[in-house]
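Structure data follow from upload.cif (mmCIF, C-alpha atoms and all ligand atoms):
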data_query
loop_
_atom_site.group_PDB
_atom_site.id
_atom_site.type_symbol
_atom_site.label_atom_id
_atom_site.label_comp_id
_atom_site.auth_asym_id
_atom_site.auth_seq_id
_atom_site.Cartn_x
_atom_site.Cartn_y
_atom_site.Cartn_z
ATOM 1 C CA MET A 1 8.219 -52.645 17.500
ATOM 2 C CA GLN A 2 4.837 -53.468 16.088
ATOM 3 C CA GLN A 3 1.850 -53.026 18.347
ATOM 4 C CA TYR A 4 -1.862 -53.559 18.299
ATOM 5 C CA ASN A 5 -4.381 -51.001 19.479
ATOM 6 C CA PHE A 6 -7.691 -52.610 20.417
ATOM 7 C CA THR A 7 -10.584 -50.243 20.943
ATOM 8 C CA TYR A 8 -13.638 -51.015 23.057
ATOM 9 C CA ASN A 9 -15.528 -51.675 19.826
ATOM 10 C CA ASP A 10 -12.857 -54.098 18.570
ATOM 11 C CA ILE A 11 -13.022 -55.998 21.842
ATOM 12 C CA HIS A 12 -16.817 -56.024 21.954
ATOM 13 C CA ASN A 13 -16.991 -57.364 18.384
ATOM 14 C CA THR A 14 -14.359 -60.026 19.048
ATOM 15 C CA ILE A 15 -16.232 -61.220 22.124
ATOM 16 C CA CYS A 16 -19.553 -61.189 20.250
ATOM 17 C CA LYS A 17 -18.098 -63.466 17.551
ATOM 18 C CA ALA A 18 -16.462 -65.720 20.132
ATOM 19 C CA ALA A 19 -19.736 -66.116 22.024
ATOM 20 C CA LYS A 20 -21.334 -67.332 18.796
ATOM 21 C CA VAL A 21 -18.577 -69.935 18.333
ATOM 22 C CA ILE A 22 -18.930 -71.002 21.965
ATOM 23 C CA ARG A 23 -22.686 -71.451 21.559
ATOM 24 C CA GLU A 24 -22.236 -73.384 18.329
ATOM 25 C CA GLN A 25 -20.098 -75.865 20.228
ATOM 26 C CA ASP A 26 -23.045 -76.495 22.539
ATOM 27 C CA TYR A 27 -21.110 -75.201 25.486
ATOM 28 C CA ALA A 28 -23.229 -73.308 28.007
ATOM 29 C CA PRO A 29 -21.447 -72.284 31.209
ATOM 30 C CA ASP A 30 -23.269 -71.753 34.508
ATOM 31 C CA TYR A 31 -20.869 -68.987 35.565
ATOM 32 C CA LEU A 32 -18.352 -66.621 34.036
ATOM 33 C CA LEU A 33 -15.244 -66.153 36.163
ATOM 34 C CA ALA A 34 -13.112 -63.075 35.544
ATOM 35 C CA ILE A 35 -9.412 -63.044 36.357
ATOM 36 C CA GLY A 36 -8.840 -59.529 37.673
ATOM 37 C CA GLY A 37 -7.839 -57.056 36.554
ATOM 38 C CA GLY A 38 -7.486 -57.773 32.812
ATOM 39 C CA GLY A 39 -10.420 -60.187 32.633
ATOM 40 C CA LEU A 40 -12.959 -57.903 34.305
ATOM 41 C CA ILE A 41 -14.149 -55.855 31.332
ATOM 42 C CA PRO A 42 -14.061 -58.824 28.899
ATOM 43 C CA ALA A 43 -16.142 -60.910 31.325
ATOM 44 C CA ARG A 44 -18.720 -58.153 31.588
ATOM 45 C CA ILE A 45 -18.916 -57.837 27.819
ATOM 46 C CA MET A 46 -19.217 -61.623 27.517
ATOM 47 C CA ARG A 47 -22.197 -61.494 29.882
ATOM 48 C CA THR A 48 -24.046 -59.469 27.256
ATOM 49 C CA PHE A 49 -23.916 -62.537 25.005
ATOM 50 C CA ILE A 50 -23.734 -65.360 27.546
ATOM 51 C CA ASN A 51 -25.896 -64.145 30.385
ATOM 52 C CA ARG A 52 -24.532 -65.812 33.481
ATOM 53 C CA PRO A 53 -23.394 -64.458 36.866
ATOM 54 C CA ILE A 54 -19.793 -63.241 37.031
ATOM 55 C CA LEU A 55 -17.451 -64.551 39.722
ATOM 56 C CA THR A 56 -13.995 -63.013 40.160
ATOM 57 C CA VAL A 57 -10.546 -63.936 41.405
ATOM 58 C CA ALA A 58 -7.561 -61.626 41.680
ATOM 59 C CA LEU A 59 -3.873 -62.441 41.475
ATOM 60 C CA SER A 60 -0.718 -60.528 42.197
ATOM 61 C CA ARG A 61 2.609 -61.061 40.520
ATOM 62 C CA TYR A 62 4.454 -59.338 43.310
ATOM 63 C CA SER A 63 5.470 -60.879 46.591
ATOM 64 C CA ASP A 64 5.826 -57.668 48.616
ATOM 65 C CA GLU A 65 3.376 -54.969 49.587
ATOM 66 C CA ILE A 66 5.089 -52.207 47.653
ATOM 67 C CA GLY A 67 4.822 -54.216 44.461
ATOM 68 C CA THR A 68 8.469 -54.379 43.498
ATOM 69 C CA ALA A 69 9.571 -57.959 44.182
ATOM 70 C CA PRO A 70 8.310 -60.162 41.370
ATOM 71 C CA ALA A 71 6.991 -63.512 42.528
ATOM 72 C CA SER A 72 8.064 -66.605 40.638
ATOM 73 C CA THR A 73 4.432 -67.643 40.389
ATOM 74 C CA PRO A 74 1.346 -65.491 40.817
ATOM 75 C CA ILE A 75 -0.042 -65.061 44.325
ATOM 76 C CA LYS A 76 -3.737 -65.260 45.183
ATOM 77 C CA LEU A 77 -5.065 -61.900 46.376
ATOM 78 C CA GLN A 78 -8.689 -62.946 46.324
ATOM 79 C CA TRP A 79 -10.233 -66.305 45.630
ATOM 80 C CA LEU A 80 -13.682 -67.863 45.515
ATOM 81 C CA GLU A 81 -15.754 -68.072 48.667
ATOM 82 C CA THR A 82 -15.358 -71.520 50.149
ATOM 83 C CA ASP A 83 -19.102 -71.784 50.716
ATOM 84 C CA ILE A 84 -20.059 -71.392 47.074
ATOM 85 C CA ASN A 85 -21.213 -74.755 45.778
ATOM 86 C CA LEU A 86 -19.855 -75.284 42.304
ATOM 87 C CA ALA A 87 -20.423 -79.038 42.241
ATOM 88 C CA GLY A 88 -21.396 -80.070 38.735
ATOM 89 C CA LYS A 89 -21.239 -76.473 37.496
ATOM 90 C CA LYS A 90 -19.571 -75.350 34.279
ATOM 91 C CA ILE A 91 -17.354 -72.329 34.686
ATOM 92 C CA LEU A 92 -15.898 -70.221 31.896
ATOM 93 C CA VAL A 93 -12.741 -68.453 33.105
ATOM 94 C CA VAL A 94 -12.192 -65.163 31.257
ATOM 95 C CA ASP A 95 -9.009 -63.144 30.741
ATOM 96 C CA GLU A 96 -7.960 -60.520 28.231
ATOM 97 C CA VAL A 97 -4.766 -62.054 26.875
ATOM 98 C CA ASP A 98 -2.924 -65.338 26.896
ATOM 99 C CA ASP A 99 0.679 -64.258 26.625
ATOM 100 C CA GLU A 100 3.090 -66.619 28.382
ATOM 101 C CA ARG A 101 0.180 -68.604 29.832
ATOM 102 C CA THR A 102 1.468 -68.416 33.412
ATOM 103 C CA THR A 103 -1.716 -66.748 34.642
ATOM 104 C CA LEU A 104 -4.036 -69.270 33.021
ATOM 105 C CA GLU A 105 -1.972 -72.241 34.148
ATOM 106 C CA TYR A 106 -1.841 -71.043 37.736
ATOM 107 C CA THR A 107 -5.471 -69.975 37.921
ATOM 108 C CA LEU A 108 -6.935 -73.073 36.312
ATOM 109 C CA GLN A 109 -4.738 -75.429 38.322
ATOM 110 C CA HIS A 110 -5.788 -73.811 41.575
ATOM 111 C CA LEU A 111 -9.452 -73.611 40.632
ATOM 112 C CA MET A 112 -9.435 -77.283 39.719
ATOM 113 C CA GLU A 113 -7.754 -78.126 43.025
ATOM 114 C CA THR A 114 -10.098 -76.073 45.166
ATOM 115 C CA HIS A 115 -13.217 -77.078 43.212
ATOM 116 C CA PRO A 116 -12.550 -80.593 41.902
ATOM 117 C CA ASP A 117 -16.224 -81.268 41.249
ATOM 118 C CA ALA A 118 -16.687 -78.322 38.877
ATOM 119 C CA GLU A 119 -15.888 -78.217 35.160
ATOM 120 C CA PHE A 120 -13.571 -75.439 33.967
ATOM 121 C CA SER A 121 -13.043 -73.926 30.528
ATOM 122 C CA ALA A 122 -11.231 -70.753 29.523
ATOM 123 C CA PHE A 123 -11.776 -67.866 27.157
ATOM 124 C CA VAL A 124 -9.236 -65.182 26.287
ATOM 125 C CA VAL A 125 -9.966 -62.274 23.999
ATOM 126 C CA HIS A 126 -6.480 -62.507 22.451
ATOM 127 C CA ASN A 127 -4.119 -65.451 22.260
ATOM 128 C CA LYS A 128 -0.560 -64.599 21.265
ATOM 129 C CA LYS A 129 0.928 -67.110 18.854
ATOM 130 C CA LYS A 130 4.183 -67.943 20.629
ATOM 131 C CA ALA A 131 5.907 -70.637 22.665
ATOM 132 C CA LYS A 132 4.129 -70.667 26.031
ATOM 133 C CA LYS A 133 5.825 -71.069 29.402
ATOM 134 C CA GLY A 134 2.678 -72.327 31.089
ATOM 135 C CA LYS A 135 0.469 -75.275 30.203
ATOM 136 C CA LEU A 136 -3.290 -75.601 30.246
ATOM 137 C CA PRO A 137 -4.095 -78.261 32.838
ATOM 138 C CA GLU A 138 -5.401 -81.614 31.762
ATOM 139 C CA GLY A 139 -9.022 -82.012 32.634
ATOM 140 C CA MET A 140 -9.875 -78.523 31.534
ATOM 141 C CA LYS A 141 -12.784 -78.743 29.109
ATOM 142 C CA HIS A 142 -12.498 -76.052 26.416
ATOM 143 C CA PHE A 143 -10.062 -73.333 25.465
ATOM 144 C CA PHE A 144 -11.545 -70.525 23.387
ATOM 145 C CA ALA A 145 -9.648 -67.565 21.946
ATOM 146 C CA GLY A 146 -11.424 -64.602 20.372
ATOM 147 C CA GLU A 147 -8.441 -63.929 18.105
ATOM 148 C CA GLU A 148 -5.095 -65.586 17.486
ATOM 149 C CA ILE A 149 -2.621 -62.742 17.114
ATOM 150 C CA GLU A 150 1.086 -62.134 16.568
ATOM 151 C CA ASP A 151 3.387 -61.696 19.522
ATOM 152 C CA TYR A 152 3.222 -57.899 19.531
ATOM 153 C CA TRP A 153 2.450 -55.611 22.418
ATOM 154 C CA ILE A 154 -1.268 -54.869 22.764
ATOM 155 C CA ASN A 155 -2.594 -51.505 23.854
ATOM 156 C CA TYR A 156 -6.032 -51.967 25.368
ATOM 157 C CA ALA A 157 -8.549 -49.163 25.361
ATOM 158 C CA TRP A 158 -9.012 -49.400 29.132
ATOM 159 C CA ASP A 159 -5.353 -48.476 29.672
ATOM 160 C CA ALA A 160 -5.744 -45.220 27.757
ATOM 161 C CA GLU A 161 -5.487 -42.090 29.877
ATOM 162 C CA ASN A 162 -6.990 -40.104 27.052
ATOM 163 C CA ILE A 163 -9.649 -42.302 25.472
ATOM 164 C CA ASP A 164 -10.535 -39.675 22.863
ATOM 165 C CA ALA A 165 -6.987 -39.814 21.507
ATOM 166 C CA PHE A 166 -6.791 -43.632 21.587
ATOM 167 C CA ALA A 167 -6.315 -45.411 18.249
ATOM 168 C CA GLN A 168 -7.056 -42.351 16.147
HETATM 169 P P1 LIG A 201 -0.148 -64.512 30.995
HETATM 170 O O1 LIG A 201 0.451 -65.300 32.072
HETATM 171 O O2 LIG A 201 -1.420 -63.805 31.382
HETATM 172 O O3 LIG A 201 -0.243 -65.217 29.711
HETATM 173 O O4 LIG A 201 0.786 -63.348 30.720
HETATM 174 P P2 LIG A 201 2.160 -62.952 31.339
HETATM 175 O O5 LIG A 201 2.373 -63.545 32.662
HETATM 176 O O6 LIG A 201 3.168 -63.207 30.316
HETATM 177 O O7 LIG A 201 1.860 -61.416 31.430
HETATM 178 C C1 LIG A 201 2.074 -60.642 32.544
HETATM 179 C C2 LIG A 201 1.110 -59.496 32.563
HETATM 180 O O8 LIG A 201 1.267 -58.747 31.371
HETATM 181 C C3 LIG A 201 -0.361 -59.893 32.606
HETATM 182 O O9 LIG A 201 -1.041 -58.909 33.362
HETATM 183 C C4 LIG A 201 -0.792 -59.790 31.154
HETATM 184 O O10 LIG A 201 -2.169 -59.529 31.040
HETATM 185 C C5 LIG A 201 0.026 -58.614 30.699
HETATM 186 N N1 LIG A 201 0.257 -58.616 29.257
HETATM 187 C C6 LIG A 201 0.877 -59.568 28.517
HETATM 188 N N2 LIG A 201 0.937 -59.195 27.238
HETATM 189 C C7 LIG A 201 0.326 -57.984 27.158
HETATM 190 C C8 LIG A 201 0.086 -57.053 26.072
HETATM 191 O O11 LIG A 201 0.448 -57.292 24.921
HETATM 192 N N3 LIG A 201 -0.546 -55.898 26.385
HETATM 193 C C9 LIG A 201 -0.960 -55.609 27.648
HETATM 194 N N4 LIG A 201 -1.583 -54.441 27.839
HETATM 195 N N5 LIG A 201 -0.752 -56.444 28.704
HETATM 196 C C10 LIG A 201 -0.099 -57.614 28.436
HETATM 197 P P3 LIG A 201 -1.507 -59.199 34.853
HETATM 198 O O12 LIG A 201 -0.293 -59.388 35.700
HETATM 199 O O13 LIG A 201 -2.465 -60.321 34.805
HETATM 200 O O14 LIG A 201 -2.186 -57.867 35.289
HETATM 201 P P4 LIG A 201 -3.705 -57.371 35.264
HETATM 202 O O15 LIG A 201 -3.731 -56.273 34.278
HETATM 203 O O16 LIG A 201 -4.585 -58.510 34.863
HETATM 204 O O17 LIG A 201 -3.984 -56.932 36.644
HETATM 205 MG MG MG A 202 -4.337 -60.378 34.207
#

Write-out of the structure in structure tokens:
Amino acid sequence: MQQYNFTYNDIHNTICKAAKVIREQDYAPDYLLAIGGGGLIPARIMRTFINRPILTVALSRYSDEIGTAPASTPIKLQWLETDINLAGKKILVVDEVDDERTTLEYTLQHLMETHPDAEFSAFVVHNKKKAKKGKLPEGMKHFFAGEEIEDYWINYAWDAENIDAFAQ
């Protein structure tokens, strides 16, 4: 099976280019919002180019504590503080990959429900060209993808146990 290996430099360069495209569209978010864990490093790299505070949410795909029973939809592990005022704010949700789109659908739907007076957009470093199970909710502003890629498995640098041997 074909695979991609994306190094930290690949990812940094892809995000740098994407930030330029985002700016050219006159879109300037007030906050970046990382979907943990995959969106954490991309959001931090994005902050180098779009310097806004980073908020985070975390999801689990497992419905039991030992992490073996898959949930039919993701489960919120951590969400935004209820006392943060996002009224009128533009929020760019960041994740590493849009595969089946279940994560983005769930996260954006819930963010839009819990913060109806904020404006949400999304950025993924990689968007796999494939039929998606999830849908991007209506009312979401922009969807940006750093790269449109084939439906192959991606090895990300941050998953490497031996970074010196990664993608040699
Ligand atoms: P999606 O909703 O995010 O589009 O993806 P999907 O449910 O199909 O994917 C389930 C998990 O698998 C997600 O991790 C996603 O990031 C990860 N994934 C999908 N395709 C790839 C790939 O090609 N390479 C790698 N390394 N991961 C992939 P998650 O449950 O969100 O976990 P976390 O790592 O964010 O904590
Ligand atoms: Mg994820």

Considering all atoms listed in the file, return as a compact mmCIF listing (two decimals) with C-alpha atoms, keeping the file's coordinate frame whatever protein or nucleic-acid residues lie within 9 Å of Ala18 in chain A, sequence-local ones (same chain, fewer than 3 positions apart) excluded.
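Now in out.txt:
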# COMPACT_ATOMS: atom_id res chain seq x y z
CA ASN A 13 -16.99 -57.36 18.38
CA THR A 14 -14.36 -60.03 19.05
CA ILE A 15 -16.23 -61.22 22.12
CA VAL A 21 -18.58 -69.94 18.33
CA ILE A 22 -18.93 -71.00 21.96
CA ARG A 23 -22.69 -71.45 21.56
CA MET A 46 -19.22 -61.62 27.52
CA PHE A 123 -11.78 -67.87 27.16
CA VAL A 125 -9.97 -62.27 24.00
CA PHE A 144 -11.54 -70.53 23.39
CA ALA A 145 -9.65 -67.56 21.95
CA GLY A 146 -11.42 -64.60 20.37
CA GLU A 147 -8.44 -63.93 18.10

> ligand LIG 201 (chain A): which residues are within 6 Å, counting all atoms listed in the file, as a PyMOL selection string?
Replying inline: chain A and resi 36-38+61+97-103+153-156

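Straight-line separation from CA of Thr107 in chain A to CA of His126 in chain A: 17.2 Å.
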
>> Between CA of Val124 in chain A and CA of Ala167 in chain A, what is the distance in Å, rounded to a tenth?
In response: 21.5 Å

What do you get, as an mmCIF file with C-alpha atoms, in the frame of the given file, if you spell out every residue that the PyMOL selection byres (((chain A and resi 158) around 10) and not hetatm) selects here?
data_model
loop_
_atom_site.group_PDB
_atom_site.id
_atom_site.type_symbol
_atom_site.label_atom_id
_atom_site.label_comp_id
_atom_site.auth_asym_id
_atom_site.auth_seq_id
_atom_site.Cartn_x
_atom_site.Cartn_y
_atom_site.Cartn_z
ATOM 1 C CA PHE A 6 -7.691 -52.610 20.417
ATOM 2 C CA THR A 7 -10.584 -50.243 20.943
ATOM 3 C CA TYR A 8 -13.638 -51.015 23.057
ATOM 4 C CA GLY A 38 -7.486 -57.773 32.812
ATOM 5 C CA ILE A 41 -14.149 -55.855 31.332
ATOM 6 C CA ASN A 155 -2.594 -51.505 23.854
ATOM 7 C CA TYR A 156 -6.032 -51.967 25.368
ATOM 8 C CA ALA A 157 -8.549 -49.163 25.361
ATOM 9 C CA ASP A 159 -5.353 -48.476 29.672
ATOM 10 C CA ALA A 160 -5.744 -45.220 27.757
ATOM 11 C CA GLU A 161 -5.487 -42.090 29.877
ATOM 12 C CA ASN A 162 -6.990 -40.104 27.052
ATOM 13 C CA ILE A 163 -9.649 -42.302 25.472
ATOM 14 C CA PHE A 166 -6.791 -43.632 21.587
#

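Once the PyMOL selection byres (((chain A and resi 68-82) around 9) and not hetatm) is applied to the depicted file, the selected set reads Leu55, Thr56, Val57, Ala58, Leu59, Ser60, Arg61, Tyr62, Ser63, Asp64, Glu65, Ile66, Gly67, Asp83, Ile84, Asn85, Thr102, Thr103, Tyr106, Thr107, Leu111 and Thr114 of chain A.
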
Those residues you just picked out, can you put them in a file as a tab-separated table (two decimals), in the coordinates of the input with C-alpha atoms?
chain	number	residue	atom	x	y	z
A	55	LEU	CA	-17.45	-64.55	39.72
A	56	THR	CA	-14.00	-63.01	40.16
A	57	VAL	CA	-10.55	-63.94	41.40
A	58	ALA	CA	-7.56	-61.63	41.68
A	59	LEU	CA	-3.87	-62.44	41.48
A	60	SER	CA	-0.72	-60.53	42.20
A	61	ARG	CA	2.61	-61.06	40.52
A	62	TYR	CA	4.45	-59.34	43.31
A	63	SER	CA	5.47	-60.88	46.59
A	64	ASP	CA	5.83	-57.67	48.62
A	65	GLU	CA	3.38	-54.97	49.59
A	66	ILE	CA	5.09	-52.21	47.65
A	67	GLY	CA	4.82	-54.22	44.46
A	83	ASP	CA	-19.10	-71.78	50.72
A	84	ILE	CA	-20.06	-71.39	47.07
A	85	ASN	CA	-21.21	-74.76	45.78
A	102	THR	CA	1.47	-68.42	33.41
A	103	THR	CA	-1.72	-66.75	34.64
A	106	TYR	CA	-1.84	-71.04	37.74
A	107	THR	CA	-5.47	-69.97	37.92
A	111	LEU	CA	-9.45	-73.61	40.63
A	114	THR	CA	-10.10	-76.07	45.17

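In this comparison, which uses only C-alpha atoms and all ligand atoms, the residue of A:Gly88, A:Ala34, A:Cys16, A:Arg44 approaching ligand MG 202 (chain A) most closely is A:Ala34.
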
>> Please list as a ChimeraX atom specification every residue within 7 Å of Pro137 in chain A, counting only C-alpha atoms and excluding residues in the same chain fewer than 6 positions away.
In response: /A:105,108-109

> Could you list as a PyMOL selection string every residue that has an atom within 7 Å of (-18.6, -66.3, 36.7), using the file's coordinates and counting all atoms listed in the file?
Replying inline: chain A and resi 31-34+52-56+91-92

>> Here's the selection I'm unsure about, the PyMOL selection byres (((chain A and resi 140) around 6) and not hetatm); applied to the file above, which residues does it give, as a PyMOL selection string?
In response: chain A and resi 120-121+137-139+141

> When distances are computed from all atoms listed in the file, which of A:Leu40, A:Ala131, A:Ile149, A:Ile50 shows the smallest separation from ligand MG 202 (chain A)?
Replying inline: A:Leu40

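The spacing separating CA of Val93 in chain A from CA of Gly39 in chain A amounts to 8.6 Å.
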
>> Residues within 10 Å of Gln25 in chain A, please, as a list in words. Count only C-alpha atoms; anything in the same chain fewer than 5 positions from it doesn't count.
In response: Ala19, Lys20 and His142 of chain A

As AutoDock Vina command-line options: centre and edge lengths in Å, one decimal, of the axis-aligned box holding range 111-121 of chain A with 6 Å per side:
--center_x -12.2 --center_y -77.4 --center_z 37.8 --size_x 20.9 --size_y 19.7 --size_z 26.6

Would you list the contacts of Asp151 in chain A as a PDB file with C-alpha atoms, keeping the file's coordinate frame, taking every protein, DNA or RNA residue within 7 Å and counting only C-alpha atoms, but skipping same-chain residues closer than 6 positions in sequence?
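What ended up in part-v8.pdb:
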ATOM      1  CA  LYS A 128      -0.560 -64.599  21.265  1.00  0.00           C
ATOM      2  CA  LYS A 129       0.928 -67.110  18.854  1.00  0.00           C
ATOM      3  CA  LYS A 130       4.183 -67.943  20.629  1.00  0.00           C
TER       4      LYS A 130
END

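With distances taken over all atoms listed in the file, A:Tyr152 is the one residue among A:Ala43, A:Leu86, A:Tyr152, A:Pro29 lying closest to Asn5 in chain A.
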
>> Calculated over all atoms listed in the file, which of the candidates A:Asp10, A:Glu119, A:Gln2, A:Ala87 has the smallest distance to Ala28 in chain A?
In response: A:Glu119

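Of the listed residues A:Glu113, A:Glu150, A:Asp164, A:Glu96, the one whose atoms come nearest to ligand MG 202 (chain A) is A:Glu96, with distances taken using only C-alpha atoms and all ligand atoms.
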
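Of the listed residues A:Val94, A:Glu148, A:Pro116, A:Ala165, the one whose atoms come nearest to ligand MG 202 (chain A) is A:Val94, with distances taken using only C-alpha atoms and all ligand atoms.
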